[in-house]
Amino acid sequence: MQALLTSNSARIGGFSYTSEDDQIAPTNAFASFNISSDGTCSASGNHNAGNPPPNWYSPGVAGIGSLYWVRATVTSGSTSGGSSTGVWISCNSSPGWSRNATSVSVQTVNLTLDFASDSGGTNIVGTATVRIQAIKDT
């Protein structure tokens, strides 16, 4: 993972995080990871309590998302919803990705998030990895 320290000592990317939800049938499992325009991240899933995701831009700054873009690349598994993968998306649009389990199973997607200071991804300024896992048990 690459993290860029900017001239004002801000960190972009440079983290690894797992968002997980574990449910007992018949309840479906759903986990997600989201980027906010203020540099923070959020996650859903019952295993995330007490373990909030780090900021993608640290420290968080109101409106910083208008200056950066993110591309989520699936390295294994698949998403079940959320933003597109493999394309550059403005961090100002609060992109997010999810994984669900509607039958008894473990469903996982692993993502690499690249952050760039331009919409074409020429200048990648940070990288992070995210694992989203939904588990539906018997």
# chains A, B, ... in the order shown; residues from 1 in each chain; ligands from 1
>>> select_by_dssp(residues="range 28-116 of chain A", states="strand (DSSP E or B)", output="PyMOL selection string")
chain A and resi 29-35+41-44+57-58+69-77+81-82+89-90+96-101+105-116
>>> residues_around(residues="Asn28 in chain A", least_positions_apart="6", cutoff="9 Å", atoms="only C-alpha atoms", output="MDAnalysis selection string")
chainID A and resid 22 100:104 134:136
>>> atom_distance(atom1="CA of Arg131 in chain A", atom2="CA of Gly82 in chain A")
14.4 Å
>>> closest_residue(among="A:Gln23, A:Ser44, A:Thr73, A:Asn55", to="Trp88 in chain A", atoms="only C-alpha atoms")
A:Thr73
>>> residues_around(residues="Ser93 in chain A", least_positions_apart="5", cutoff="9 Å", atoms="only C-alpha atoms", output="PyMOL selection string")
chain A and resi 35-37+65-66
>>> atom_distance(atom1="CA of Gly81 in chain A", atom2="CA of Thr129 in chain A")
17.9 Å
>>> residues_around(residues="Arg71 in chain A", least_positions_apart="4", cutoff="9 Å", atoms="only C-alpha atoms", output="ChimeraX atom specification")
/A:84-90,112-116,121
>>> write_last_selection(atoms="N, CA and C atoms", output="tab-separated table (two decimals), in the first residue's frame")
chain	number	residue	atom	x	y	z
A	84	SER	N	-19.37	1.52	-9.43
A	84	SER	CA	-18.66	0.73	-10.44
A	84	SER	C	-17.23	0.45	-9.99
A	85	THR	N	-16.66	-0.61	-10.52
A	85	THR	CA	-15.26	-0.92	-10.28
A	85	THR	C	-14.49	-0.76	-11.59
A	86	GLY	N	-13.18	-0.51	-11.46
A	86	GLY	CA	-12.33	-0.39	-12.63
A	86	GLY	C	-12.39	0.94	-13.34
A	87	VAL	N	-13.10	1.91	-12.77
A	87	VAL	CA	-13.21	3.24	-13.37
A	87	VAL	C	-12.91	4.30	-12.30
A	88	TRP	N	-12.49	5.46	-12.75
A	88	TRP	CA	-12.20	6.56	-11.83
A	88	TRP	C	-13.49	7.28	-11.47
A	89	ILE	N	-13.71	7.46	-10.16
A	89	ILE	CA	-14.92	8.09	-9.63
A	89	ILE	C	-14.50	9.22	-8.70
A	90	SER	N	-15.15	10.35	-8.80
A	90	SER	CA	-14.84	11.46	-7.91
A	90	SER	C	-15.13	11.07	-6.46
A	112	THR	N	-8.62	-3.25	-4.30
A	112	THR	CA	-7.52	-2.30	-4.18
A	112	THR	C	-8.07	-0.95	-4.57
A	113	LEU	N	-7.93	0.02	-3.68
A	113	LEU	CA	-8.38	1.39	-3.95
A	113	LEU	C	-7.17	2.24	-4.29
A	114	ASP	N	-7.17	2.82	-5.48
A	114	ASP	CA	-6.14	3.77	-5.89
A	114	ASP	C	-6.75	5.15	-5.85
A	115	PHE	N	-6.04	6.09	-5.25
A	115	PHE	CA	-6.48	7.49	-5.17
A	115	PHE	C	-5.60	8.33	-6.08
A	116	ALA	N	-6.23	9.20	-6.87
A	116	ALA	CA	-5.49	10.04	-7.81
A	116	ALA	C	-5.92	11.50	-7.67
A	121	GLY	N	-6.46	9.37	-13.56
A	121	GLY	CA	-5.62	8.47	-12.79
A	121	GLY	C	-4.15	8.51	-13.15
>>> atom_distance(atom1="CA of Val74 in chain A", atom2="CA of Val106 in chain A")
16.9 Å
